[in-house]
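This is protein_36.cif. It holds mmCIF, C-alpha atoms.
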data_entry
#
loop_
_atom_site.label_atom_id
_atom_site.label_comp_id
_atom_site.auth_asym_id
_atom_site.auth_seq_id
_atom_site.Cartn_x
_atom_site.Cartn_y
_atom_site.Cartn_z
CA MET A 115 31.94 32.42 39.86
CA PRO A 116 31.61 28.95 38.25
CA THR A 117 29.58 26.27 40.01
CA GLY A 118 30.04 22.52 39.83
CA ILE A 119 29.21 19.13 41.32
CA VAL A 120 31.96 16.59 42.01
CA THR A 121 30.96 13.15 43.28
CA GLY A 122 33.23 10.81 45.19
CA ALA A 123 35.23 13.65 46.72
CA SER A 124 36.04 12.23 50.16
CA ARG A 125 39.42 10.92 48.97
CA GLY A 126 41.53 10.10 45.93
CA LEU A 127 40.94 11.77 42.59
CA GLY A 128 37.69 13.45 43.57
CA LEU A 129 39.22 15.14 46.60
CA ALA A 130 42.31 16.21 44.67
CA LEU A 131 40.09 17.74 41.97
CA ALA A 132 37.87 19.48 44.53
CA ARG A 133 40.94 21.04 46.15
CA ALA A 134 42.27 22.24 42.79
CA LEU A 135 38.95 23.72 41.69
CA SER A 136 38.46 25.40 45.06
CA GLU A 137 41.84 27.08 44.68
CA ARG A 138 40.70 28.34 41.27
CA GLY A 139 37.59 30.00 42.69
CA TRP A 140 34.93 27.39 41.96
CA GLN A 141 31.82 26.94 44.07
CA LEU A 142 31.36 23.18 44.48
CA VAL A 143 28.87 20.72 45.85
CA VAL A 144 30.73 17.50 46.65
CA ASP A 145 29.73 14.15 48.07
CA GLY A 146 31.06 10.89 49.47
CA ARG A 147 29.63 7.84 51.17
CA ASP A 148 31.79 8.36 54.28
CA GLY A 149 30.56 11.59 55.80
CA ASP A 150 33.40 11.89 58.31
CA ALA A 151 36.07 11.37 55.64
CA LEU A 152 34.32 13.88 53.37
CA ALA A 153 34.21 16.52 56.11
CA ARG A 154 37.89 15.99 56.95
CA GLY A 155 38.94 16.08 53.31
CA VAL A 156 37.29 19.38 52.43
CA ALA A 157 37.85 21.11 55.77
CA GLY A 158 39.26 24.57 55.19
CA LEU A 159 38.46 24.66 51.48
CA ARG A 160 36.56 27.72 50.30
CA GLY A 161 33.35 27.46 48.33
CA ILE A 162 32.75 23.78 49.12
CA VAL A 163 29.40 22.36 50.23
CA PRO A 164 29.83 18.72 51.35
CA ILE A 165 26.77 16.45 51.29
CA ALA A 166 27.35 12.91 52.52
CA GLY A 167 25.47 10.15 50.76
CA ASP A 168 25.37 7.49 48.08
CA VAL A 169 24.95 8.53 44.44
CA SER A 170 22.73 5.51 43.85
CA ASP A 171 20.12 7.12 46.16
CA PRO A 172 17.67 9.30 44.16
CA ALA A 173 17.01 11.58 47.15
CA HIS A 174 20.75 12.18 47.56
CA ARG A 175 21.17 13.02 43.87
CA ALA A 176 18.30 15.49 44.09
CA ALA A 177 19.91 17.12 47.13
CA LEU A 178 23.20 17.57 45.26
CA VAL A 179 21.52 19.28 42.32
CA GLU A 180 19.25 21.46 44.45
CA SER A 181 22.24 22.61 46.50
CA ALA A 182 24.12 23.56 43.32
CA GLY A 183 21.19 25.69 42.17
CA ALA A 184 20.62 27.08 38.70
CA GLY A 185 23.38 27.77 36.22
CA ILE A 186 25.56 24.69 36.82
CA ASP A 187 28.85 24.82 34.90
CA LEU A 188 30.30 21.39 35.65
CA LEU A 189 29.28 17.87 36.62
CA VAL A 190 32.04 15.39 37.41
CA ASN A 191 30.77 11.84 37.90
CA ASN A 192 33.76 10.46 39.76
CA ALA A 193 32.12 8.28 42.42
CA SER A 194 32.70 4.63 41.59
CA LEU A 195 32.33 1.21 43.15
CA LEU A 196 34.98 -1.46 42.54
CA GLY A 197 32.85 -4.39 43.65
CA PRO A 198 34.07 -7.40 45.66
CA SER A 199 37.72 -7.46 46.68
CA PRO A 200 39.50 -9.50 45.50
CA GLN A 201 37.54 -9.18 42.28
CA PRO A 202 35.92 -12.45 41.13
CA ALA A 203 35.99 -13.91 37.66
CA LEU A 204 32.79 -13.27 35.71
CA ALA A 205 31.84 -16.95 35.95
CA GLU A 206 31.69 -16.53 39.74
CA TYR A 207 30.47 -12.93 39.98
CA PRO A 208 27.38 -12.66 42.22
CA PRO A 209 24.65 -11.02 40.11
CA ALA A 210 23.44 -8.91 43.04
CA GLU A 211 26.96 -7.52 43.54
CA LEU A 212 27.26 -6.76 39.82
CA ALA A 213 23.91 -4.96 39.88
CA ARG A 214 25.20 -2.80 42.73
CA VAL A 215 28.35 -1.93 40.73
CA TYR A 216 26.18 -0.91 37.77
CA ASP A 217 23.88 1.13 40.03
CA VAL A 218 26.80 3.28 41.18
CA ASN A 219 28.97 3.32 38.04
CA VAL A 220 26.35 3.52 35.28
CA PHE A 221 22.81 4.34 36.37
CA ALA A 222 23.66 6.96 39.00
CA PRO A 223 25.87 9.06 36.66
CA LEU A 224 23.18 9.01 33.98
CA ALA A 225 20.50 9.95 36.51
CA LEU A 226 22.62 12.90 37.68
CA VAL A 227 23.12 14.03 34.10
CA GLN A 228 19.35 13.91 33.57
CA LEU A 229 18.81 16.10 36.63
CA VAL A 230 21.43 18.72 35.77
CA LEU A 231 20.72 19.06 32.04
CA PRO A 232 17.98 21.70 32.48
CA ARG A 233 20.30 23.70 34.76
CA LEU A 234 23.51 23.62 32.71
CA SER A 235 25.05 26.86 31.52
CA ALA A 236 25.93 27.41 27.87
CA ALA A 237 29.60 26.57 28.42
CA ALA A 238 29.03 23.65 30.78
CA ALA A 239 30.99 20.40 30.82
CA ILE A 240 30.03 16.90 31.90
CA VAL A 241 33.00 14.75 32.89
CA ASN A 242 32.53 11.03 33.53
CA VAL A 243 35.59 9.34 35.02
CA THR A 244 36.41 6.02 33.39
CA SER A 245 39.27 3.51 33.34
CA ASP A 246 41.47 1.62 30.91
CA ALA A 247 39.57 -1.44 32.19
CA ALA A 248 36.66 -0.16 30.07
CA VAL A 249 38.58 -0.92 26.88
CA GLU A 250 41.10 -3.61 27.90
CA PRO A 251 39.93 -7.15 28.84
CA TYR A 252 41.89 -7.57 32.07
CA GLU A 253 41.31 -10.88 33.79
CA GLY A 254 39.28 -10.34 36.95
CA TRP A 255 38.07 -6.87 35.93
CA GLY A 256 34.89 -7.95 34.15
CA GLY A 257 32.48 -6.38 36.62
CA TYR A 258 34.08 -2.98 37.09
CA GLY A 259 35.43 -2.83 33.54
CA SER A 260 32.12 -3.63 31.89
CA SER A 261 30.37 -1.00 34.01
CA LYS A 262 32.89 1.61 32.86
CA ALA A 263 32.47 0.46 29.26
CA ALA A 264 28.73 1.03 29.62
CA LEU A 265 29.39 4.47 31.10
CA GLU A 266 31.64 5.33 28.16
CA GLN A 267 28.97 4.41 25.63
CA LEU A 268 26.33 6.39 27.51
CA THR A 269 28.68 9.37 27.53
CA ALA A 270 29.39 9.08 23.80
CA VAL A 271 25.67 8.99 23.01
CA LEU A 272 25.01 11.97 25.30
CA GLY A 273 27.69 13.88 23.41
CA ALA A 274 25.99 13.06 20.11
CA GLU A 275 22.58 14.02 21.45
CA HIS A 276 23.82 17.30 22.98
CA PRO A 277 26.34 18.75 20.51
CA ASP A 278 26.09 22.14 22.23
CA LEU A 279 27.67 20.72 25.40
CA ARG A 280 31.11 19.34 26.19
CA VAL A 281 30.57 15.74 27.29
CA TYR A 282 33.67 13.78 28.21
CA THR A 283 34.92 10.49 29.51
CA VAL A 284 38.39 10.77 31.00
CA ASP A 285 40.77 8.00 32.02
CA PRO A 286 42.93 9.26 34.90
CA GLY A 287 45.39 6.36 34.61
CA ASP A 288 46.76 4.18 37.39
CA MET A 289 46.74 5.97 40.72
CA ARG A 290 47.81 5.31 44.28
CA THR A 291 44.32 5.31 45.78
CA GLN A 292 42.33 3.18 48.19
CA MET A 293 40.23 1.78 45.34
CA HIS A 294 43.34 0.72 43.48
CA GLN A 295 44.66 -0.89 46.65
CA ASP A 296 41.37 -2.75 47.09
CA ALA A 297 41.74 -4.05 43.53
CA PHE A 298 45.13 -5.54 44.46
CA PRO A 299 44.74 -6.65 48.09
CA GLY A 300 48.02 -7.39 49.81
CA GLU A 301 50.13 -5.93 46.99
CA ASP A 302 52.43 -2.94 47.21
CA ILE A 303 51.05 -0.19 44.95
CA SER A 304 53.42 2.53 46.15
CA ASP A 305 54.92 2.76 42.64
CA ARG A 306 51.65 4.17 41.27
CA PRO A 307 51.51 7.97 40.92
CA PRO A 308 49.29 9.96 43.29
CA PRO A 309 45.93 11.19 41.97
CA GLU A 310 47.29 14.75 41.97
CA ASP A 311 49.33 13.82 38.89
CA SER A 312 46.11 13.49 36.88
CA ILE A 313 44.68 16.85 37.94
CA PRO A 314 46.43 19.12 35.38
CA GLY A 315 44.89 17.09 32.57
CA LEU A 316 41.44 17.22 34.14
CA LEU A 317 41.72 20.98 34.56
CA ALA A 318 42.78 21.34 30.93
CA LEU A 319 39.66 19.45 29.93
CA ILE A 320 37.31 21.33 32.26
CA GLU A 321 38.67 24.80 31.45
CA GLY A 322 39.40 24.17 27.76
CA SER A 323 37.30 23.82 24.65
CA LEU A 324 38.07 20.32 23.39
CA PRO A 325 35.23 18.55 21.59
CA SER A 326 33.21 15.88 23.35
CA GLY A 327 34.96 12.52 23.48
CA ARG A 328 37.24 10.19 25.42
CA TYR A 329 40.56 11.46 26.78
CA ARG A 330 43.45 10.30 28.93
CA ALA A 331 44.17 12.78 31.69
CA ARG A 332 47.96 12.57 31.54
CA GLN A 333 47.97 13.21 27.80
CA LEU A 334 45.66 16.21 27.96
CA THR A 335 48.34 18.72 28.88
CA GLU A 336 50.25 17.63 25.78
CA VAL A 337 47.12 17.92 23.60
CA THR A 338 46.27 21.40 24.86
CA ALA A 339 49.83 22.75 25.08
#
Can you turn what I pasted into structure tokens?
Amino acid sequence: MPTGIVTGASRGLGLALARALSERGWQLVVDGRDGDALARGVAGLRGIVPIAGDVSDPAHRAALVESAGAGIDLLVNNASLLGPSPQPALAEYPPAELARVYDVNVFAPLALVQLVLPRLSAAAAIVNVTSDAAVEPYEGWGGYGSSKAALEQLTAVLGAEHPDLRVYTVDPGDMRTQMHQDAFPGEDISDRPPPEDSIPGLLALIEGSLPSGRYRARQLTEVTA
């Protein structure tokens, strides 16, 4: 029975992925900053161990990995922090807030990778969730976007350093999530697709054999068809 860790699983993409993997027989350790929301989200799912906490906390990261045990088959670094809402221009971005965004979006995923590497199985995959804001210079997205750009470069280097593993960044596309709503306060985002629409592509990546690299979730089913 495959074992994985999925961060940021109290809602949105992380929760949708945890549900899908649970249905496919995975044993998962999942986390979220809001313990009550995490417990509600995964209630009734088989093979799920929820651990509330913040991925930027070293003790919490250690607890996730210890709970997963030896022989880990999957790490999904999905937990992310948008930063201030509405998002400020870089010229006005508080350095302390930017440091916090980087702690969650860059340093925590790398630290988790470092912890799981000795425990990964031969066919394991590391999936770091990114955004088109990592490659497109959208006005007002300098904080979040630059953190995802840094995550993408870290992921690419990890793939080069560990050619025996599958190391991915995946862009799930626009989604109707709370984070996306926070990025556009007061706007109607009901036209965005739900996160469930990105899950088939993620599953194709996780369960397939594509080489390490950057992928778009909604194109993956076409690539692997």
Requested in this report: Write out as a PyMOL selection string which residues come within 12 Å of Pro209 (chain A) when counting all atoms listed in the file, dropping same-chain ones fewer than 6 positions away.
Outcome: chain A and resi 197-198+202-203+215-216+257
Requested in this report: Please write the residues picked by the PyMOL selection byres ((chain A and resi 175-190) around 9) on this file as a ChimeraX atom specification.
Outcome: /A:116-121,128,141-145,163,165,167-174,191-193,222-223,225-227,229-243,320
Query raised in the report: Do you know which residues the PyMOL selection byres ((chain A and resi 129-137) around 8) returns on this file, as number ranges by chain?
Result: A: 120, 122-128, 138-142, 144, 155-156, 159-162, 309-310, 313, 316
Query raised in the report: Which one of A:Ala331, A:Leu204, A:Ala318, A:Leu195 sits closest to Gly254 (chain A) if you count only C-alpha atoms?
Result: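 Ranking A:Ala331, A:Leu204, A:Ala318, A:Leu195 by distance to Gly254 (chain A), first place goes to A:Leu204.
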Requested in this report: Could you check which of A:Pro314, A:Gly146, A:Pro308, A:Gly322 is closest to Ser194 (chain A), using all atoms listed in the file?
Outcome: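 Between A:Pro314, A:Gly146, A:Pro308, A:Gly322, the residue approaching Ser194 (chain A) most closely is A:Gly146.
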Report task. Quick one: everything within 10 Å of Glu250 (chain A), counting only C-alpha atoms, minus sequence neighbours fewer than 6 positions away in the same chain. Send it as a PyMOL selection string. Result -> chain A and resi 256+259-260+263
Report task. Could you list the residues chosen by the PyMOL selection byres ((chain A and resi 270) around 12) in this structure as a list in words? Result -> Leu224, Ile240, Val241, Asn242, Ala263, Ala264, Leu265, Glu266, Gln267, Leu268, Thr269, Val271, Leu272, Gly273, Ala274, Glu275, His276, Pro277, Leu279, Arg280, Val281, Tyr282, Thr283, Val284, Pro325, Ser326, Gly327, Arg328 and Tyr329 of chain A
Query raised in the report: Mind pulling up the distance from CA of Val218 (chain A) to CA of Asp278 (chain A)?
Result: 26.7 Å
Grab region 216-328 of chain A from that structure and dump C-alpha atoms to a file, as a PDB file, in the first residue's frame.
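So the final result, stored in selection23.pdb, reads:
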ATOM      1  CA  TYR A 216       9.406  32.519   1.557  1.00  0.00           C
ATOM      2  CA  ASP A 217       9.486  30.511   4.801  1.00  0.00           C
ATOM      3  CA  VAL A 218       6.292  28.691   3.832  1.00  0.00           C
ATOM      4  CA  ASN A 219       6.643  28.552   0.040  1.00  0.00           C
ATOM      5  CA  VAL A 220      10.380  27.926  -0.387  1.00  0.00           C
ATOM      6  CA  PHE A 221      12.290  26.941   2.742  1.00  0.00           C
ATOM      7  CA  ALA A 222       9.672  24.616   4.247  1.00  0.00           C
ATOM      8  CA  PRO A 223       9.250  22.503   1.077  1.00  0.00           C
ATOM      9  CA  LEU A 224      13.016  22.122   0.753  1.00  0.00           C
ATOM     10  CA  ALA A 225      13.336  21.203   4.431  1.00  0.00           C
ATOM     11  CA  LEU A 226      10.646  18.533   4.011  1.00  0.00           C
ATOM     12  CA  VAL A 227      12.432  17.138   0.968  1.00  0.00           C
ATOM     13  CA  GLN A 228      15.654  16.939   2.987  1.00  0.00           C
ATOM     14  CA  LEU A 229      13.860  14.984   5.712  1.00  0.00           C
ATOM     15  CA  VAL A 230      12.126  12.501   3.409  1.00  0.00           C
ATOM     16  CA  LEU A 231      15.011  11.791   1.025  1.00  0.00           C
ATOM     17  CA  PRO A 232      16.526   9.006   3.163  1.00  0.00           C
ATOM     18  CA  ARG A 233      13.086   7.376   3.452  1.00  0.00           C
ATOM     19  CA  LEU A 234      11.958   7.523  -0.180  1.00  0.00           C
ATOM     20  CA  SER A 235      11.186   4.323  -2.033  1.00  0.00           C
ATOM     21  CA  ALA A 236      12.784   3.532  -5.383  1.00  0.00           C
ATOM     22  CA  ALA A 237       9.737   4.687  -7.343  1.00  0.00           C
ATOM     23  CA  ALA A 238       8.982   7.742  -5.216  1.00  0.00           C
ATOM     24  CA  ALA A 239       7.832  11.114  -6.503  1.00  0.00           C
ATOM     25  CA  ILE A 240       8.259  14.615  -5.119  1.00  0.00           C
ATOM     26  CA  VAL A 241       5.598  17.058  -6.315  1.00  0.00           C
ATOM     27  CA  ASN A 242       5.965  20.769  -5.578  1.00  0.00           C
ATOM     28  CA  VAL A 243       2.869  22.800  -6.436  1.00  0.00           C
ATOM     29  CA  THR A 244       3.656  26.029  -8.268  1.00  0.00           C
ATOM     30  CA  SER A 245       1.787  28.725 -10.195  1.00  0.00           C
ATOM     31  CA  ASP A 246       1.869  30.566 -13.495  1.00  0.00           C
ATOM     32  CA  ALA A 247       2.836  33.571 -11.345  1.00  0.00           C
ATOM     33  CA  ALA A 248       6.264  31.910 -11.076  1.00  0.00           C
ATOM     34  CA  VAL A 249       6.927  32.537 -14.767  1.00  0.00           C
ATOM     35  CA  GLU A 250       4.655  35.482 -15.644  1.00  0.00           C
ATOM     36  CA  PRO A 251       5.337  38.987 -14.232  1.00  0.00           C
ATOM     37  CA  TYR A 252       1.830  39.822 -13.041  1.00  0.00           C
ATOM     38  CA  GLU A 253       1.540  43.215 -11.404  1.00  0.00           C
ATOM     39  CA  GLY A 254       1.007  42.796  -7.672  1.00  0.00           C
ATOM     40  CA  TRP A 255       2.195  39.173  -7.611  1.00  0.00           C
ATOM     41  CA  GLY A 256       5.869  39.857  -6.941  1.00  0.00           C
ATOM     42  CA  GLY A 257       5.948  38.329  -3.472  1.00  0.00           C
ATOM     43  CA  TYR A 258       4.053  35.107  -4.091  1.00  0.00           C
ATOM     44  CA  GLY A 259       5.277  34.763  -7.670  1.00  0.00           C
ATOM     45  CA  SER A 260       8.942  35.170  -6.818  1.00  0.00           C
ATOM     46  CA  SER A 261       8.634  32.607  -4.020  1.00  0.00           C
ATOM     47  CA  LYS A 262       7.156  30.101  -6.476  1.00  0.00           C
ATOM     48  CA  ALA A 263       9.899  30.910  -8.982  1.00  0.00           C
ATOM     49  CA  ALA A 264      12.462  30.098  -6.291  1.00  0.00           C
ATOM     50  CA  LEU A 265      10.630  26.851  -5.525  1.00  0.00           C
ATOM     51  CA  GLU A 266      10.704  25.920  -9.206  1.00  0.00           C
ATOM     52  CA  GLN A 267      14.456  26.427  -9.438  1.00  0.00           C
ATOM     53  CA  LEU A 268      15.042  24.418  -6.264  1.00  0.00           C
ATOM     54  CA  THR A 269      12.910  21.634  -7.719  1.00  0.00           C
ATOM     55  CA  ALA A 270      14.779  21.664 -11.028  1.00  0.00           C
ATOM     56  CA  VAL A 271      18.128  21.403  -9.235  1.00  0.00           C
ATOM     57  CA  LEU A 272      16.838  18.586  -7.015  1.00  0.00           C
ATOM     58  CA  GLY A 273      15.796  16.732 -10.157  1.00  0.00           C
ATOM     59  CA  ALA A 274      19.292  17.146 -11.594  1.00  0.00           C
ATOM     60  CA  GLU A 275      20.924  16.050  -8.354  1.00  0.00           C
ATOM     61  CA  HIS A 276      18.640  13.011  -7.927  1.00  0.00           C
ATOM     62  CA  PRO A 277      18.135  11.549 -11.416  1.00  0.00           C
ATOM     63  CA  ASP A 278      16.852   8.309  -9.890  1.00  0.00           C
ATOM     64  CA  LEU A 279      13.785  10.098  -8.501  1.00  0.00           C
ATOM     65  CA  ARG A 280      10.813  11.788 -10.141  1.00  0.00           C
ATOM     66  CA  VAL A 281      10.919  15.420  -9.012  1.00  0.00           C
ATOM     67  CA  TYR A 282       8.185  17.678 -10.335  1.00  0.00           C
ATOM     68  CA  THR A 283       6.769  21.152 -10.208  1.00  0.00           C
ATOM     69  CA  VAL A 284       3.143  21.249 -11.294  1.00  0.00           C
ATOM     70  CA  ASP A 285       0.990  24.270 -12.095  1.00  0.00           C
ATOM     71  CA  PRO A 286      -2.636  23.410 -11.257  1.00  0.00           C
ATOM     72  CA  GLY A 287      -3.998  26.450 -13.118  1.00  0.00           C
ATOM     73  CA  ASP A 288      -6.581  28.960 -11.915  1.00  0.00           C
ATOM     74  CA  MET A 289      -8.890  27.457  -9.328  1.00  0.00           C
ATOM     75  CA  ARG A 290     -11.902  28.485  -7.299  1.00  0.00           C
ATOM     76  CA  THR A 291     -10.205  28.360  -3.901  1.00  0.00           C
ATOM     77  CA  GLN A 292      -9.991  30.530  -0.815  1.00  0.00           C
ATOM     78  CA  MET A 293      -6.422  31.524  -1.662  1.00  0.00           C
ATOM     79  CA  HIS A 294      -7.479  32.655  -5.110  1.00  0.00           C
ATOM     80  CA  GLN A 295     -10.334  34.617  -3.562  1.00  0.00           C
ATOM     81  CA  ASP A 296      -7.905  36.260  -1.136  1.00  0.00           C
ATOM     82  CA  ALA A 297      -5.769  37.281  -4.116  1.00  0.00           C
ATOM     83  CA  PHE A 298      -8.780  39.086  -5.615  1.00  0.00           C
ATOM     84  CA  PRO A 299     -10.681  40.466  -2.602  1.00  0.00           C
ATOM     85  CA  GLY A 300     -14.191  41.590  -3.414  1.00  0.00           C
ATOM     86  CA  GLU A 301     -14.160  40.062  -6.906  1.00  0.00           C
ATOM     87  CA  ASP A 302     -16.382  37.271  -8.179  1.00  0.00           C
ATOM     88  CA  ILE A 303     -14.191  34.252  -8.970  1.00  0.00           C
ATOM     89  CA  SER A 304     -17.063  31.820  -9.529  1.00  0.00           C
ATOM     90  CA  ASP A 305     -15.991  31.408 -13.176  1.00  0.00           C
ATOM     91  CA  ARG A 306     -12.783  29.649 -12.094  1.00  0.00           C
ATOM     92  CA  PRO A 307     -12.871  25.842 -12.207  1.00  0.00           C
ATOM     93  CA  PRO A 308     -12.912  23.895  -8.934  1.00  0.00           C
ATOM     94  CA  PRO A 309      -9.646  22.313  -7.755  1.00  0.00           C
ATOM     95  CA  GLU A 310     -11.078  18.877  -8.575  1.00  0.00           C
ATOM     96  CA  ASP A 311     -10.564  19.694 -12.260  1.00  0.00           C
ATOM     97  CA  SER A 312      -6.791  19.618 -11.727  1.00  0.00           C
ATOM     98  CA  ILE A 313      -6.747  16.257  -9.936  1.00  0.00           C
ATOM     99  CA  PRO A 314      -6.695  13.920 -12.989  1.00  0.00           C
ATOM    100  CA  GLY A 315      -3.501  15.587 -14.174  1.00  0.00           C
ATOM    101  CA  LEU A 316      -1.896  15.329 -10.757  1.00  0.00           C
ATOM    102  CA  LEU A 317      -2.794  11.651 -10.546  1.00  0.00           C
ATOM    103  CA  ALA A 318      -1.324  11.065 -14.000  1.00  0.00           C
ATOM    104  CA  LEU A 319       1.902  12.632 -12.792  1.00  0.00           C
ATOM    105  CA  ILE A 320       1.993  10.780  -9.466  1.00  0.00           C
ATOM    106  CA  GLU A 321       1.096   7.370 -10.900  1.00  0.00           C
ATOM    107  CA  GLY A 322       2.963   7.733 -14.203  1.00  0.00           C
ATOM    108  CA  SER A 323       6.589   7.670 -15.232  1.00  0.00           C
ATOM    109  CA  LEU A 324       7.188  11.094 -16.747  1.00  0.00           C
ATOM    110  CA  PRO A 325      10.703  12.496 -16.323  1.00  0.00           C
ATOM    111  CA  SER A 326      11.414  15.151 -13.723  1.00  0.00           C
ATOM    112  CA  GLY A 327      10.364  18.623 -14.807  1.00  0.00           C
ATOM    113  CA  ARG A 328       7.653  21.276 -14.828  1.00  0.00           C
TER     114      ARG A 328
END
